[in-house]
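Notes to accompany the following structure.
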Amino acid sequence: MALAERYGRYGYRKISALLKAAGWLVNDKRVERIWRREGLKVPVKQPKRERIWDNDGSCLRLRPECRNHVWSYDFVEARTHDGRKFRMLNVVDEFTHECLVIRVARKLKAVDVIEVLSDLFILREVPRHIRSDNGPEFIAKSVQAWITEVGAKTAYITPSSPWENGYVESFNARLRDELLNGEIFYTLKEAEIVIESWRRHYNAVRPPRVARIPPTSPVGVRASLHRLAGCARPTGCADQATYGGAAHRTLTLLLDHLVGADHKVALQREKCHPERRGG
């Protein structure tokens with residue numbers, strides 16, 4: 001009941017995942033019985049949409065193959081209590097579903113997009129592709145030229161087809177449903193702090209719908225490592241050894257930045273002493 005009150009838009013499955021993460025020995029069916037007995041509301045299921053297919057039966061969507069392979073970004077608008085608009089630039093890694101950044105400002109233009117991406121490229125690495133819609137801030141010549149110069153490729157969706165940018169659109173829906181629709185922001189600074197706090201909760205605590213493992217939690221980082229080690233190299237990466245080295249460097253930076261040095265040492269000990277795994 002306390003978790004349902006705190007996370008009003010979570011269903012019993014997410015509440016079950018939070019309970020299990022806290023150490024409770026419960027299953028989904030037991031939580032569902034309590035959920036229905038107490039009259040709690042179950043969120044409405046999202047309608048299914050068809051994919052876009054070419055005449056030869058192949059899907060047109062560029063699918064992410066590993067971390068930092070495809071990033072997608074989009075804008076979301078909201079208002080402060082005085083009625084003034086502000087915008088949010090959301091950047092999502094499509095492979096891990098991690099929200100990399102949410103930039104909050106009254107106005108966001110092409111130069112702001114370049115500034116946000118440049119900061120991310122320094123902290124992480126340059127992705128293979130960057131997916132977006134056809135908004136003026138994304139198709140500006142300065143943005144296209146800058147992305148090409150740093151070694152990435154742009155992947156624009158078909159006009160008036162937001163379902164082609166499904167990863168970031170899904171994130172935008174979660175952001176609006178779980179935060180924006182239930183919060184009153186009196187100042188822009190308050191909006192920045194609350195939204196950044198929600199972003200960190202989304203990455204490290206909130207159970208996803210499928211994997212039930214947050215992307216930047218220690219378990220989520222380890223799962224991404226195993227998937228990254230076993231996945232095929234992305235298109236355009238000719239040398240598997242080079243790709244593996246880049247992945248290892250990315251992983252090292254990720255562990256230092258998100259998990260901390262203690263967990264990194266634990267992973268190294270597990271690698272050196274596999275017989276202690278699970279101890």
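By order of appearance in the structure tokens: chains A, B, ..., then residues from 1 within every chain, and ligands from 1 in the order shown.
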Please provide the set of residues having any atom within 8 Å of segment 7-9 of chain A, restricted to only C-alpha atoms, with same-chain residues fewer than 3 positions apart removed, written as a short mmCIF file (atom, residue, chain, number, x, y, z; two decimals) with C-alpha atoms, in the first residue's frame.
```
data_model
loop_
_atom_site.label_atom_id
_atom_site.label_comp_id
_atom_site.auth_asym_id
_atom_site.auth_seq_id
_atom_site.Cartn_x
_atom_site.Cartn_y
_atom_site.Cartn_z
CA LEU A 3 4.51 1.66 -2.62
CA ALA A 4 1.19 2.01 -4.46
CA PRO A 43 -3.10 1.02 -15.39
CA ASP A 177 2.12 9.84 -17.04
CA GLU A 178 4.24 9.25 -13.94
#
```
Could you pull out the strand (DSSP E) residues of segment 40-181 of chain A, going by DSSP on the backbone, and write them as a PyMOL selection string? chain A and resi 70-79+85-93+98-105+129-132+153-156
Need the shell around Ile114 of chain A: protein/DNA/RNA residues with any atom at most 9 Å away, counting only C-alpha atoms. Skip same-chain ones fewer than 2 positions apart. Format as a PyMOL selection string? chain A and resi 109-112+116-119+142-143+146-147
Could the residues in this selection be saved with C-alpha atoms as a compact mmCIF listing (two decimals), in the first residue's frame?
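Listed below is the output, part-v2.txt:
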```txt
# COMPACT_ATOMS: atom_id res chain seq x y z
CA LYS A 109 17.18 25.51 -30.21
CA ALA A 110 19.61 23.76 -32.55
CA VAL A 111 22.63 25.14 -30.68
CA ASP A 112 21.24 23.71 -27.43
CA VAL A 116 23.65 18.54 -24.97
CA LEU A 117 25.02 15.98 -27.42
CA SER A 118 28.59 17.23 -27.10
CA ASP A 119 28.44 16.80 -23.31
CA SER A 142 24.36 23.07 -38.21
CA VAL A 143 23.14 19.96 -36.34
CA TRP A 146 28.16 18.66 -36.53
CA ILE A 147 26.84 15.10 -36.12
```
I'd like the contact shell of Val31 of chain A - 12 Å cut-off, only C-alpha atoms, skipping same-chain residues fewer than 4 positions apart - returned as a PDB file with N, CA and C atoms, in the first residue's frame.
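This is the output file out_17.pdb:
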```pdb
ATOM      1  N   MET A   1       0.831  -1.206   0.000  1.00  0.00           N
ATOM      2  CA  MET A   1       0.000   0.000   0.000  1.00  0.00           C
ATOM      3  C   MET A   1       0.864   1.255   0.000  1.00  0.00           C
ATOM      4  N   LEU A   3       3.918   1.520  -1.291  1.00  0.00           N
ATOM      5  CA  LEU A   3       4.512   1.665  -2.622  1.00  0.00           C
ATOM      6  C   LEU A   3       3.469   2.125  -3.632  1.00  0.00           C
ATOM      7  N   ALA A   4       2.249   1.595  -3.541  1.00  0.00           N
ATOM      8  CA  ALA A   4       1.193   2.012  -4.458  1.00  0.00           C
ATOM      9  C   ALA A   4       0.832   3.476  -4.255  1.00  0.00           C
ATOM     10  N   GLY A  11       1.637  -0.583 -11.788  1.00  0.00           N
ATOM     11  CA  GLY A  11       0.757  -1.722 -11.603  1.00  0.00           C
ATOM     12  C   GLY A  11       1.347  -2.722 -10.621  1.00  0.00           C
ATOM     13  N   TYR A  12       0.619  -3.818 -10.403  1.00  0.00           N
ATOM     14  CA  TYR A  12       1.069  -4.775  -9.388  1.00  0.00           C
ATOM     15  C   TYR A  12       2.368  -5.466  -9.792  1.00  0.00           C
ATOM     16  N   ARG A  13       2.648  -5.576 -11.079  1.00  0.00           N
ATOM     17  CA  ARG A  13       3.889  -6.223 -11.500  1.00  0.00           C
ATOM     18  C   ARG A  13       5.108  -5.385 -11.104  1.00  0.00           C
ATOM     19  N   LYS A  14       5.027  -4.074 -11.318  1.00  0.00           N
ATOM     20  CA  LYS A  14       6.145  -3.217 -10.914  1.00  0.00           C
ATOM     21  C   LYS A  14       6.279  -3.176  -9.395  1.00  0.00           C
ATOM     22  N   ILE A  15       5.140  -3.151  -8.691  1.00  0.00           N
ATOM     23  CA  ILE A  15       5.197  -3.178  -7.234  1.00  0.00           C
ATOM     24  C   ILE A  15       5.827  -4.487  -6.754  1.00  0.00           C
ATOM     25  N   SER A  16       5.501  -5.599  -7.419  1.00  0.00           N
ATOM     26  CA  SER A  16       6.115  -6.884  -7.064  1.00  0.00           C
ATOM     27  C   SER A  16       7.625  -6.835  -7.258  1.00  0.00           C
ATOM     28  N   ALA A  17       8.070  -6.231  -8.368  1.00  0.00           N
ATOM     29  CA  ALA A  17       9.504  -6.137  -8.623  1.00  0.00           C
ATOM     30  C   ALA A  17      10.197  -5.290  -7.559  1.00  0.00           C
ATOM     31  N   LEU A  18       9.554  -4.199  -7.130  1.00  0.00           N
ATOM     32  CA  LEU A  18      10.138  -3.368  -6.077  1.00  0.00           C
ATOM     33  C   LEU A  18      10.212  -4.128  -4.754  1.00  0.00           C
ATOM     34  N   LEU A  19       9.177  -4.901  -4.444  1.00  0.00           N
ATOM     35  CA  LEU A  19       9.193  -5.689  -3.209  1.00  0.00           C
ATOM     36  C   LEU A  19      10.312  -6.730  -3.237  1.00  0.00           C
ATOM     37  N   LYS A  20      10.466  -7.411  -4.373  1.00  0.00           N
ATOM     38  CA  LYS A  20      11.520  -8.412  -4.486  1.00  0.00           C
ATOM     39  C   LYS A  20      12.894  -7.778  -4.384  1.00  0.00           C
ATOM     40  N   TRP A  24      11.678  -8.886  -0.139  1.00  0.00           N
ATOM     41  CA  TRP A  24      10.452  -9.602   0.213  1.00  0.00           C
ATOM     42  C   TRP A  24      10.338 -10.869  -0.619  1.00  0.00           C
ATOM     43  N   LEU A  25       9.943 -11.984   0.020  1.00  0.00           N
ATOM     44  CA  LEU A  25       9.752 -13.246  -0.679  1.00  0.00           C
ATOM     45  C   LEU A  25       8.285 -13.376  -1.085  1.00  0.00           C
ATOM     46  N   VAL A  26       7.925 -12.715  -2.177  1.00  0.00           N
ATOM     47  CA  VAL A  26       6.551 -12.724  -2.672  1.00  0.00           C
ATOM     48  C   VAL A  26       6.586 -12.978  -4.174  1.00  0.00           C
ATOM     49  N   ASN A  27       5.450 -13.449  -4.702  1.00  0.00           N
ATOM     50  CA  ASN A  27       5.327 -13.612  -6.143  1.00  0.00           C
ATOM     51  C   ASN A  27       4.257 -12.673  -6.678  1.00  0.00           C
ATOM     52  N   TRP A  35      -3.608  -6.594  -4.296  1.00  0.00           N
ATOM     53  CA  TRP A  35      -3.873  -5.401  -5.114  1.00  0.00           C
ATOM     54  C   TRP A  35      -5.372  -5.273  -5.398  1.00  0.00           C
ATOM     55  N   ARG A  36      -5.988  -6.362  -5.836  1.00  0.00           N
ATOM     56  CA  ARG A  36      -7.412  -6.321  -6.173  1.00  0.00           C
ATOM     57  C   ARG A  36      -8.286  -6.272  -4.933  1.00  0.00           C
ATOM     58  N   ARG A  37      -7.853  -6.904  -3.854  1.00  0.00           N
ATOM     59  CA  ARG A  37      -8.632  -6.875  -2.619  1.00  0.00           C
ATOM     60  C   ARG A  37      -8.723  -5.462  -2.066  1.00  0.00           C
ATOM     61  N   GLU A  38      -7.633  -4.701  -2.203  1.00  0.00           N
ATOM     62  CA  GLU A  38      -7.627  -3.337  -1.691  1.00  0.00           C
ATOM     63  C   GLU A  38      -8.234  -2.341  -2.682  1.00  0.00           C
ATOM     64  N   LEU A  40      -7.127  -1.343  -5.655  1.00  0.00           N
ATOM     65  CA  LEU A  40      -6.182  -0.457  -6.326  1.00  0.00           C
ATOM     66  C   LEU A  40      -6.388  -0.503  -7.827  1.00  0.00           C
TER      67      LEU A  40
END
```
Could you pull the residues within 10 Å of Arg84 of chain A, counting only C-alpha atoms, minus those fewer than 6 positions along the same chain, as an NGL selection string? :A and (78 or 106 or 187-188)
Just want the 6 Å neighbourhood of segment 94-105 of chain A, counted on only C-alpha atoms, with same-chain residues fewer than 5 positions away dropped. Output as a ChimeraX atom specification. /A:64,66-67,70-71,86-89,192,203,215
